[in-house]
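K.L.:
Next comes data12.txt, compact mmCIF, C-alpha atoms:
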# COMPACT_ATOMS: atom_id res chain seq x y z
CA MET A 1 -20.17 -11.48 12.29
CA GLY A 2 -21.03 -9.60 9.10
CA LYS A 3 -21.24 -10.95 5.58
CA LYS A 4 -18.19 -12.37 3.84
CA VAL A 5 -16.68 -9.91 1.38
CA TYR A 6 -15.11 -10.77 -1.97
CA VAL A 7 -13.02 -8.77 -4.42
CA VAL A 8 -14.50 -9.46 -7.86
CA GLY A 9 -12.74 -6.89 -10.01
CA VAL A 10 -9.55 -4.84 -9.91
CA GLY A 11 -7.91 -2.30 -12.19
CA MET A 12 -5.14 0.26 -12.23
CA THR A 13 -3.29 2.62 -14.52
CA LYS A 14 0.40 2.56 -15.13
CA PHE A 15 2.05 4.80 -12.56
CA GLU A 16 3.73 7.78 -14.20
CA LYS A 17 6.20 10.48 -13.25
CA PRO A 18 4.19 13.63 -12.34
CA GLY A 19 3.69 15.85 -15.36
CA SER A 20 5.08 13.32 -17.83
CA LYS A 21 1.70 12.52 -19.38
CA ALA A 22 -1.12 14.77 -20.55
CA TRP A 23 -3.90 13.49 -18.28
CA ASP A 24 -5.82 14.61 -15.22
CA TYR A 25 -7.31 12.77 -12.28
CA PRO A 26 -10.68 12.09 -13.99
CA ASP A 27 -8.79 10.36 -16.82
CA MET A 28 -6.88 8.22 -14.32
CA ALA A 29 -10.07 7.34 -12.43
CA ARG A 30 -11.93 6.48 -15.63
CA GLU A 31 -9.19 4.09 -16.74
CA ALA A 32 -8.77 2.30 -13.40
CA GLY A 33 -12.49 2.23 -12.62
CA ASN A 34 -13.52 0.89 -16.02
CA LYS A 35 -10.80 -1.76 -15.88
CA ALA A 36 -12.17 -2.95 -12.51
CA LEU A 37 -15.75 -3.00 -13.81
CA GLU A 38 -14.69 -4.88 -16.95
CA ASP A 39 -12.70 -7.31 -14.82
CA ALA A 40 -15.84 -8.01 -12.76
CA GLY A 41 -18.00 -8.13 -15.87
CA ILE A 42 -20.56 -5.73 -14.42
CA SER A 43 -21.83 -2.24 -15.20
CA PHE A 44 -21.43 0.78 -12.96
CA GLU A 45 -25.20 0.75 -12.37
CA GLU A 46 -24.74 -2.26 -10.08
CA VAL A 47 -22.41 -0.35 -7.73
CA GLU A 48 -24.36 0.91 -4.70
CA GLN A 49 -21.73 2.90 -2.78
CA ALA A 50 -18.29 4.31 -3.54
CA ALA A 51 -15.35 5.29 -1.35
CA VAL A 52 -12.84 7.43 -3.25
CA GLY A 53 -9.39 8.27 -1.92
CA TYR A 54 -6.96 11.06 -2.77
CA CYS A 55 -4.74 13.40 -0.76
CA TYR A 56 -4.22 16.32 -3.14
CA GLY A 57 -7.41 17.84 -4.53
CA ASP A 58 -10.50 19.86 -3.78
CA SER A 59 -13.29 18.58 -1.59
CA THR A 60 -15.50 16.75 -4.10
CA ALA A 61 -12.85 15.41 -6.45
CA GLY A 62 -14.17 11.97 -5.51
CA GLN A 63 -17.50 12.74 -7.14
CA ARG A 64 -15.82 14.26 -10.20
CA ALA A 65 -13.76 11.09 -10.57
CA VAL A 66 -16.75 8.76 -10.19
CA TYR A 67 -18.78 10.76 -12.72
CA GLU A 68 -16.42 9.38 -15.37
CA LEU A 69 -17.99 5.98 -14.67
CA GLY A 70 -21.60 7.12 -14.35
CA THR A 71 -23.93 9.53 -12.58
CA THR A 72 -26.26 7.17 -10.76
CA GLY A 73 -26.83 9.23 -7.60
CA ILE A 74 -25.11 6.78 -5.24
CA PRO A 75 -23.31 7.94 -2.07
CA VAL A 76 -19.70 8.89 -2.81
CA TYR A 77 -17.36 9.35 0.16
CA ASN A 78 -14.19 11.41 -0.21
CA VAL A 79 -11.37 9.75 1.75
CA ASN A 80 -8.00 11.16 2.85
CA ASN A 81 -5.71 9.23 5.19
CA ASN A 82 -2.26 10.30 4.00
CA CYS A 83 -0.33 7.44 2.36
CA SER A 84 -2.85 4.81 3.55
CA THR A 85 -5.69 6.55 1.70
CA GLY A 86 -6.24 3.84 -0.94
CA SER A 87 -6.58 1.02 1.55
CA THR A 88 -8.74 3.22 3.79
CA ALA A 89 -11.18 3.55 0.86
CA LEU A 90 -10.97 -0.23 0.48
CA PHE A 91 -11.66 -0.70 4.22
CA MET A 92 -14.73 1.55 3.96
CA ALA A 93 -16.07 -0.29 0.92
CA LYS A 94 -15.52 -3.59 2.71
CA GLN A 95 -17.50 -2.34 5.70
CA PHE A 96 -20.40 -1.28 3.44
CA VAL A 97 -20.62 -4.81 2.06
CA GLU A 98 -19.83 -6.62 5.31
CA GLY A 99 -22.42 -4.60 7.21
CA GLY A 100 -25.17 -5.30 4.71
CA LEU A 101 -25.35 -1.71 3.45
CA ALA A 102 -24.46 -2.68 -0.13
CA GLU A 103 -24.30 -5.82 -2.24
CA CYS A 104 -21.62 -4.22 -4.39
CA ALA A 105 -19.28 -1.32 -3.60
CA LEU A 106 -16.43 0.47 -5.36
CA ALA A 107 -13.13 1.53 -3.82
CA LEU A 108 -11.27 3.99 -6.05
CA GLY A 109 -8.06 5.91 -5.42
CA PHE A 110 -6.04 8.35 -7.50
CA GLU A 111 -3.44 11.05 -7.21
CA LYS A 112 -2.11 13.85 -9.39
CA MET A 113 1.10 14.90 -7.69
CA GLU A 114 3.77 17.56 -7.99
CA LYS A 115 7.38 16.74 -8.80
CA GLY A 116 9.87 16.38 -5.96
CA SER A 117 9.52 15.69 -2.26
CA LEU A 118 6.24 16.24 -0.46
CA GLY A 119 5.77 19.67 1.05
CA VAL A 120 3.33 21.35 3.42
CA LYS A 121 0.22 22.75 1.69
CA PHE A 122 -1.27 24.76 4.55
CA ASN A 123 1.00 27.10 6.48
CA ASP A 124 -1.72 28.84 8.52
CA ARG A 125 -2.64 25.88 10.79
CA ILE A 126 -1.09 23.09 12.83
CA ASN A 127 0.51 20.36 10.73
CA PRO A 128 -1.26 17.06 11.55
CA MET A 129 2.14 15.42 11.98
CA ASP A 130 3.51 18.03 14.38
CA LYS A 131 3.63 15.54 17.28
CA HIS A 132 5.49 12.94 15.20
CA PHE A 133 7.95 15.36 13.62
CA GLY A 134 8.50 17.30 16.85
CA LEU A 135 9.41 14.16 18.76
CA MET A 136 11.76 13.02 15.99
CA VAL A 137 13.58 16.39 16.10
CA GLU A 138 13.77 16.16 19.89
CA LEU A 139 15.32 12.69 19.64
CA ARG A 140 17.54 13.10 16.59
CA GLY A 141 17.77 16.75 15.65
CA LEU A 142 16.94 18.29 12.28
CA GLU A 143 19.04 17.94 9.14
CA GLN A 144 18.87 19.50 5.67
CA ALA A 145 16.76 16.81 4.02
CA PRO A 146 13.07 16.33 3.16
CA GLY A 147 10.89 15.44 6.15
CA ALA A 148 9.70 11.94 5.19
CA PRO A 149 13.17 10.48 4.46
CA GLN A 150 14.35 11.95 7.77
CA MET A 151 11.57 10.25 9.70
CA PHE A 152 12.04 6.84 8.09
CA GLY A 153 15.82 7.22 7.85
CA ASN A 154 16.01 7.94 11.57
CA ALA A 155 13.97 4.80 12.22
CA GLY A 156 16.56 2.95 10.15
CA ARG A 157 19.42 4.52 12.12
CA GLU A 158 17.79 3.45 15.38
CA HIS A 159 17.45 -0.10 14.04
CA MET A 160 21.15 -0.09 13.11
CA GLU A 161 22.15 1.10 16.57
CA LYS A 162 19.91 -1.36 18.45
CA TYR A 163 20.32 -4.46 16.31
CA GLY A 164 23.46 -4.03 14.20
CA THR A 165 21.53 -3.71 10.94
CA THR A 166 23.73 -2.48 8.08
CA ALA A 167 23.34 0.03 5.26
CA GLU A 168 23.88 -2.84 2.84
CA GLN A 169 20.89 -4.74 4.24
CA PHE A 170 18.65 -1.73 3.59
CA ALA A 171 20.15 -1.40 0.10
CA LYS A 172 19.34 -5.05 -0.63
CA ILE A 173 15.65 -4.14 -0.27
CA GLY A 174 16.03 -1.46 -2.95
CA TYR A 175 17.90 -3.95 -5.13
CA LYS A 176 15.15 -6.58 -4.71
CA ASN A 177 12.24 -4.27 -5.41
CA HIS A 178 13.81 -2.67 -8.49
CA LYS A 179 14.61 -6.17 -9.78
CA HIS A 180 10.99 -7.27 -9.25
CA SER A 181 9.63 -4.22 -11.10
CA VAL A 182 11.35 -5.22 -14.34
CA ASN A 183 8.39 -7.57 -14.92
CA ASN A 184 5.66 -5.07 -14.03
CA PRO A 185 4.26 -3.05 -16.94
CA TYR A 186 2.35 -0.83 -14.46
CA SER A 187 5.55 0.25 -12.68
CA GLN A 188 6.91 3.79 -13.01
CA PHE A 189 10.45 2.39 -13.11
CA GLN A 190 11.33 -0.94 -14.71
CA ASP A 191 15.10 -0.82 -14.41
CA GLU A 192 17.31 -3.31 -12.64
CA TYR A 193 20.28 -2.01 -10.64
CA SER A 194 23.20 -3.73 -8.99
CA LEU A 195 23.60 -3.53 -5.23
CA GLU A 196 26.58 -1.26 -5.88
CA ASP A 197 24.33 1.05 -7.95
CA ILE A 198 21.83 1.25 -5.09
CA LEU A 199 24.53 2.10 -2.54
CA ALA A 200 26.26 4.59 -4.86
CA SER A 201 23.13 6.54 -5.85
CA PRO A 202 22.83 10.04 -4.33
CA MET A 203 22.42 10.10 -0.55
CA VAL A 204 19.04 11.53 0.49
CA PHE A 205 19.33 10.92 4.24
CA ALA A 206 21.68 8.19 5.47
CA PRO A 207 21.26 5.27 5.18
CA LEU A 208 18.71 6.08 2.46
CA THR A 209 20.07 6.62 -1.03
CA LYS A 210 17.83 7.81 -3.83
CA LEU A 211 17.22 4.27 -5.15
CA GLN A 212 15.83 3.27 -1.73
CA CYS A 213 13.18 6.01 -1.73
CA CYS A 214 9.81 5.95 -3.47
CA PRO A 215 9.12 8.63 -6.09
CA THR A 216 6.05 10.84 -6.34
CA SER A 217 3.70 9.53 -9.01
CA ASP A 218 0.46 10.04 -10.90
CA GLY A 219 -1.98 7.15 -11.21
CA ALA A 220 -5.12 5.39 -10.04
CA GLY A 221 -6.36 2.03 -8.78
CA ALA A 222 -9.78 0.50 -8.19
CA ALA A 223 -11.48 -2.56 -6.70
CA ILE A 224 -15.03 -3.89 -6.82
CA LEU A 225 -16.23 -5.61 -3.63
CA ALA A 226 -19.32 -7.79 -3.34
CA THR A 227 -21.29 -10.24 -1.20
CA GLU A 228 -21.42 -13.99 -1.76
CA GLU A 229 -24.96 -13.61 -3.11
CA PHE A 230 -23.77 -11.07 -5.67
CA VAL A 231 -20.86 -13.32 -6.66
CA LYS A 232 -23.16 -16.28 -7.28
CA LYS A 233 -25.82 -14.21 -9.05
CA HIS A 234 -23.22 -12.97 -11.55
CA GLY A 235 -21.27 -16.24 -11.86
CA LEU A 236 -18.06 -14.72 -10.48
CA GLN A 237 -16.95 -17.69 -8.36
CA ASP A 238 -13.76 -18.25 -10.39
CA LYS A 239 -12.79 -14.60 -10.14
CA ALA A 240 -13.69 -13.93 -6.49
CA VAL A 241 -10.97 -13.47 -3.88
CA GLU A 242 -12.08 -13.43 -0.25
CA ILE A 243 -11.00 -10.70 2.16
CA ALA A 244 -10.31 -13.09 5.05
CA GLY A 245 -9.34 -10.36 7.49
CA MET A 246 -8.83 -6.59 7.51
CA SER A 247 -7.90 -4.10 10.20
CA MET A 248 -7.16 -0.41 10.41
CA THR A 249 -5.27 1.03 13.37
CA THR A 250 -4.18 4.53 14.31
CA ASP A 251 -1.48 5.82 16.63
CA MET A 252 -1.36 4.63 20.22
CA ASN A 253 0.35 6.06 23.30
CA SER A 254 3.46 4.03 22.45
CA THR A 255 3.96 6.06 19.24
CA PHE A 256 4.95 9.02 21.39
CA ASP A 257 5.60 7.75 24.93
CA GLU A 258 8.31 5.22 24.12
CA ARG A 259 10.52 7.88 22.50
CA SER A 260 11.53 5.67 19.58
CA CYS A 261 11.87 6.67 15.92
CA ILE A 262 10.76 3.15 14.97
CA LYS A 263 7.54 3.68 16.93
CA ILE A 264 7.05 7.18 15.46
CA VAL A 265 6.81 5.72 11.95
CA GLY A 266 4.04 3.31 12.86
CA ALA A 267 5.66 0.03 13.93
CA ASP A 268 3.09 -0.55 16.66
CA MET A 269 0.16 0.37 14.42
CA THR A 270 1.37 -2.26 11.95
CA LYS A 271 1.86 -4.90 14.63
CA LYS A 272 -1.59 -4.35 16.14
CA ALA A 273 -3.34 -4.39 12.75
CA ALA A 274 -1.47 -7.53 11.66
CA ASN A 275 -2.31 -9.39 14.87
CA GLU A 276 -5.98 -8.47 14.51
CA VAL A 277 -5.99 -9.74 10.93
CA TYR A 278 -4.30 -13.00 11.91
CA GLU A 279 -6.96 -13.51 14.58
CA GLN A 280 -9.85 -12.66 12.22
CA SER A 281 -8.63 -14.88 9.39
CA GLY A 282 -7.27 -17.81 11.37
CA LEU A 283 -4.18 -17.47 9.19
CA GLY A 284 -0.67 -16.46 10.21
CA PRO A 285 2.50 -15.30 8.46
CA GLU A 286 3.43 -18.94 7.91
CA ASP A 287 0.33 -19.38 5.70
CA VAL A 288 1.11 -16.40 3.45
CA ASP A 289 2.62 -16.84 -0.01
CA VAL A 290 2.93 -13.26 -1.27
CA VAL A 291 3.07 -9.84 0.41
CA GLU A 292 2.66 -6.27 -0.80
CA LEU A 293 3.88 -3.95 1.94
CA HIS A 294 4.46 -0.23 2.31
CA ASP A 295 8.11 0.22 1.32
CA CYS A 296 7.99 4.01 0.96
CA PHE A 297 11.65 3.75 2.02
CA SER A 298 13.76 0.62 2.37
CA CYS A 299 14.02 1.23 6.13
CA ASN A 300 10.26 0.87 6.42
CA GLU A 301 10.16 -2.44 4.54
CA LEU A 302 12.69 -3.89 6.96
CA ILE A 303 10.85 -2.62 10.04
CA THR A 304 7.57 -3.90 8.59
CA TYR A 305 8.97 -7.44 8.27
CA GLU A 306 9.05 -7.43 12.05
CA GLY A 307 5.68 -5.72 12.53
CA LEU A 308 3.97 -8.31 10.32
CA GLY A 309 5.71 -11.20 12.07
CA LEU A 310 7.80 -12.28 9.06
CA ALA A 311 10.83 -11.82 11.30
CA GLU A 312 11.41 -11.47 15.04
CA GLU A 313 12.15 -7.99 16.36
CA GLY A 314 15.67 -7.00 15.37
CA LYS A 315 15.97 -9.78 12.78
CA GLY A 316 14.72 -7.93 9.68
CA GLY A 317 18.26 -7.54 8.36
CA GLU A 318 18.87 -11.27 8.64
CA LEU A 319 15.61 -11.91 6.76
CA ILE A 320 16.62 -9.86 3.71
CA ASP A 321 20.09 -11.48 3.78
CA SER A 322 18.53 -14.96 3.80
CA GLY A 323 16.71 -14.56 0.47
CA ALA A 324 13.39 -15.47 2.15
CA VAL A 325 11.51 -12.47 0.73
CA THR A 326 12.01 -12.95 -3.01
CA TYR A 327 11.31 -15.63 -5.61
CA GLY A 328 12.45 -19.02 -4.34
CA GLY A 329 12.14 -17.89 -0.73
CA LYS A 330 9.42 -18.36 1.89
CA TRP A 331 7.53 -15.25 0.77
CA VAL A 332 7.73 -12.98 -2.25
CA VAL A 333 7.52 -9.45 -0.85
CA ASN A 334 6.56 -6.66 -3.26
CA PRO A 335 6.55 -8.63 -6.53
CA SER A 336 5.13 -5.46 -8.13
CA GLY A 337 8.34 -3.58 -7.37
CA GLY A 338 6.75 -1.94 -4.34
CA LEU A 339 6.46 1.79 -3.83
CA ILE A 340 10.22 2.18 -4.36
CA SER A 341 10.03 1.16 -8.01
CA LYS A 342 6.35 0.99 -8.96
CA GLY A 343 5.75 4.51 -7.60
CA HIS A 344 3.55 6.03 -4.92
CA PRO A 345 0.53 8.11 -5.99
CA LEU A 346 -0.73 8.37 -2.41
CA GLY A 347 -4.45 7.74 -2.96
CA ALA A 348 -3.84 4.88 -5.39
CA THR A 349 -1.13 2.89 -3.63
CA GLY A 350 -3.36 0.75 -1.41
CA LEU A 351 -5.59 -0.16 -4.34
CA ALA A 352 -2.62 -0.98 -6.57
CA GLN A 353 -1.43 -3.36 -3.83
CA CYS A 354 -4.92 -4.91 -3.80
CA ALA A 355 -4.87 -5.34 -7.58
CA GLU A 356 -1.44 -7.00 -7.54
CA LEU A 357 -2.41 -9.49 -4.83
CA ASN A 358 -5.69 -10.38 -6.51
CA TRP A 359 -3.85 -11.04 -9.77
CA GLN A 360 -1.38 -13.20 -7.87
CA ILE A 361 -4.10 -15.30 -6.23
CA ARG A 362 -5.92 -15.67 -9.55
CA GLY A 363 -2.70 -16.71 -11.30
CA GLN A 364 -2.82 -13.68 -13.60
CA ALA A 365 0.42 -11.90 -12.67
CA ASP A 366 2.32 -12.96 -15.80
CA LYS A 367 6.11 -12.87 -15.32
CA ARG A 368 5.65 -11.74 -11.70
CA GLN A 369 3.53 -14.76 -10.78
CA VAL A 370 4.32 -16.35 -7.43
CA GLU A 371 3.88 -20.06 -8.03
CA GLY A 372 0.86 -21.54 -6.29
CA ALA A 373 -0.12 -18.31 -4.51
CA LYS A 374 -3.29 -18.89 -2.48
CA VAL A 375 -2.91 -16.52 0.49
CA ALA A 376 -1.75 -12.90 0.27
CA LEU A 377 -1.04 -10.16 2.82
CA GLN A 378 -1.27 -6.40 2.22
CA HIS A 379 0.14 -3.59 4.38
CA ASN A 380 -0.43 0.12 3.69
CA LEU A 381 0.79 2.84 6.05
CA GLY A 382 0.16 6.56 6.43
CA LEU A 383 2.01 8.69 8.96
CA GLY A 384 -0.11 10.85 11.16
CA GLY A 385 -1.36 8.08 11.14
CA ALA A 386 -3.06 4.88 10.03
CA ALA A 387 -2.02 1.35 9.14
CA VAL A 388 -4.27 -0.96 7.15
CA VAL A 389 -3.50 -4.67 6.93
CA THR A 390 -5.53 -7.06 4.76
CA MET A 391 -5.47 -10.83 4.27
CA TYR A 392 -6.75 -12.29 0.99
CA LYS A 393 -7.34 -15.92 0.15
CA LYS A 394 -8.62 -17.92 -2.80
CA ALA A 395 -12.41 -18.07 -2.54
CA GLU A 396 -14.03 -21.42 -1.92
CA LEU A 397 -17.45 -21.00 -3.49
CA ALA A 398 -19.52 -23.66 -5.14
CA ALA A 399 -20.68 -22.84 -8.64
Represent the structure contained in this file as structure tokens.
P.N.:
Amino acid sequence: MGKKVYVVGVGMTKFEKPGSKAWDYPDMAREAGNKALEDAGISFEEVEQAAVGYCYGDSTAGQRAVYELGTTGIPVYNVNNNCSTGSTALFMAKQFVEGGLAECALALGFEKMEKGSLGVKFNDRINPMDKHFGLMVELRGLEQAPGAPQMFGNAGREHMEKYGTTAEQFAKIGYKNHKHSVNNPYSQFQDEYSLEDILASPMVFAPLTKLQCCPTSDGAGAAILATEEFVKKHGLQDKAVEIAGMSMTTDMNSTFDERSCIKIVGADMTKKAANEVYEQSGLGPEDVDVVELHDCFSCNELITYEGLGLAEEGKGGELIDSGAVTYGGKWVVNPSGGLISKGHPLGATGLAQCAELNWQIRGQADKRQVEGAKVALQHNLGLGGAAVVTMYKKAELAA
């Protein structure tokens, strides 16, 4: 067993439509990083290692970003794990602290994105998702739509065929997350829509309409992680949130061998990571109050309910119908508005989820506050692939 690890500071920028604001990734990193340092009440000189995540940028953009906070000569690791990049940086920083390599570490993530759907950047080499996309085409064919909505939309179609899930149930997830975002000043979109609006918005790839798909975004997030000794030395007991469990998984044979679009988009990675976290933390879904999960598309939120054990396999549609995943229900899922409404700057998403859940546990989430939140669950997914699941709980540290 390594050392216990605590989050002692978090920060993020507002997520913005790409190109809508005159800033660059160092500006984003400076804002998020300084907010996290101020939140922890420490200076950058106390940070011993940094893991910095981004998907779009040159090889040492991580250093360039960190230099906005200080040039102290510490190790800076550049991290890229597709859409799970932010939580991968968090996982690395946690390991530095847990393993005794640092008393205090920084996880930082940012993205400066292009408008529109994600495209391929390198056409002279094998796409790292060729196995995933190739199997999807073999199973479902290829349609005139962007690749990511096809992959997640096909998972949704498979769920509909196997379990009778409806387009309206997927749309209810878009409705819920847009409604939640109204109270989030960091969210790219803060507009509420009716269920009819969600269903009537332009079709991207059935059953996914535009208002059930996350946008590309610019933005950054950051977290400061520390040991118990560091927490006590700096008097941060009231601020500290314990990482009670954390797991990262990558694709297994079942992703490809079981010939399922649901498996292709990471359902088994999620399930394995969640089960490992439940074992590590001694906590289960029944103990959780609030969840931030990777709703890049509404289909993925519904599938993830089942992977995290919030619902039995095939019952995700019933869960959203029941009202159990919003205020007044058993869990509040994506109080931030999720990726669908808050936005999805790939390298920042996992750290924005971390920030939201820490605010919730500390009782600092303003109009989004989940009453009495003490235990929180985070899920961040990247195709190609990695899933990172994290359990947070209120720290129990004597002053």
K.L.:
Identify which of the residues A:Cys299, A:Leu310, A:Val389, A:Ala267 lies closest to Asp287 of chain A, counting only C-alpha atoms when measuring atom-to-atom distances.
P.N.:
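Of all the options, A:Leu310 lies closest to Asp287 of chain A.
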K.L.:
Would you mind listing, for every residue of segment 234-322 of chain A within 8 Å of segment 158-165 of chain A, the two atoms forming the shortest contact and the distance between them in Å to one decimal, using all atoms listed in the file, sorted by chain and ascending residue number, as CSV?
P.N.:
residue,atom,partner,partner_atom,distance
A:Ser260,CA,A:Glu158,CA,7.9
A:Cys261,CA,A:Glu158,CA,6.8
A:Ile262,CA,A:Glu158,CA,7.0
A:Gly314,CA,A:Tyr163,CA,5.4
A:Lys315,CA,A:Tyr163,CA,7.7
A:Gly317,CA,A:Thr165,CA,5.7
K.L.:
Can you work out the spacing between atom CA of Gln237 of chain A and atom CA of Ala398 of chain A in Å, to one decimal?
P.N.:
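Going from atom CA of Gln237 of chain A over to atom CA of Ala398 of chain A covers 7.3 Å.
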K.L.:
Mind pulling up the distance from atom CA of Tyr305 of chain A to atom CA of Tyr278 of chain A?
P.N.:
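Here the two named atoms are 14.8 Å from each other.
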K.L.:
Listing only residues of segment 168-190 of chain A within 7 Å of segment 197-211 of chain A, what is the closest atom pair and its distance in Å (to one decimal) for each, using only C-alpha atoms, sorted by chain and residue number ascending, as a Markdown table?
P.N.:
| residue | atom | partner | partner_atom | distance |
| --- | --- | --- | --- | --- |
| A:Ala171 | CA | A:Ile198 | CA | 6.1 |
| A:Gly174 | CA | A:Leu211 | CA | 6.3 |
| A:Tyr175 | CA | A:Ile198 | CA | 6.5 |
K.L.:
Limited to C-alpha atoms, could you put the picked residues into a file as a PDB file, keeping the file's coordinate frame?
P.N.:
ATOM      1  CA  ALA A 171      20.150  -1.400   0.100  1.00  0.00           C
ATOM      2  CA  GLY A 174      16.030  -1.460  -2.950  1.00  0.00           C
ATOM      3  CA  TYR A 175      17.900  -3.950  -5.130  1.00  0.00           C
TER       4      TYR A 175
END
K.L.:
Check the smallest atom-to-atom distance from each of A:Val265, A:Ala348, A:Val241, A:Ala89 to Gly384 of chain A using only C-alpha atoms, then report the winner.
P.N.:
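The shortest atom-to-atom distance to Gly384 of chain A comes from A:Val265.
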K.L.:
Calculated over all atoms listed in the file, which of the candidates A:Ile303, A:Ala93, A:Leu357, A:Leu383 has the smallest distance to Lys131 of chain A?
P.N.:
A:Leu383
K.L.:
Could you work out how far atom CA of Pro335 of chain A lies from atom CA of Glu356 of chain A, giving the answer in Å with one decimal?
P.N.:
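It comes out at 8.2 Å.
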K.L.:
Which residue is closest to Gly156 of chain A? Choose from A:Gln212, A:Asn81, A:Thr255, A:Asn123 and count only C-alpha atoms.
P.N.:
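Smallest separation from Gly156 of chain A among the options: A:Gln212.
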K.L.:
So that each row is one residue of segment 91-115 of chain A with an atom at most 12 Å from segment 64-72 of chain A, can you give its shortest atom pair and the distance in Å to one decimal, using all atoms listed in the file, rows by chain and rising number, as a tab-separated table?
P.N.:
residue	atom	partner	partner_atom	distance
A:Leu106	CA	A:Val66	CA	9.6
A:Ala107	CA	A:Val66	CA	10.3
A:Leu108	CA	A:Val66	CA	8.4
A:Gly109	CA	A:Ala65	CA	9.3
A:Phe110	CA	A:Ala65	CA	8.7
A:Glu111	CA	A:Ala65	CA	10.9
K.L.:
Which residue gives the smallest distance to Gly141 of chain A among A:Ser247, A:Ala22, A:Asn154, A:Gly343, with all atoms listed in the file counted?
P.N.:
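Residue with the minimum atom-to-atom distance to Gly141 of chain A: A:Asn154.
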K.L.:
Would you please work out which residue, of A:His178, A:Lys17, A:Lys3, A:Lys272, is nearest to Gly100 of chain A when using only C-alpha atoms?
P.N.:
A:Lys3
K.L.:
Residues at most 7 Å from segment 292-297 of chain A, counting all atoms listed in the file, excluding those fewer than 6 positions away in the same chain, as a PyMOL selection string?
P.N.:
chain A and resi 152+212-214+333-334+338-340+353+377-381
K.L.:
Pull the closest atom pair for each residue of segment 323-347 of chain A that gets at most 9 Å from segment 51-55 of chain A, along with the distance in Å to one decimal, counting all atoms listed in the file, ordering rows by chain and then ascending residue number, as a Markdown table.
P.N.:
| residue | atom | partner | partner_atom | distance |
| --- | --- | --- | --- | --- |
| A:Pro345 | CA | A:Tyr54 | CA | 8.7 |
| A:Leu346 | CA | A:Cys55 | CA | 6.6 |
| A:Gly347 | CA | A:Tyr54 | CA | 4.2 |
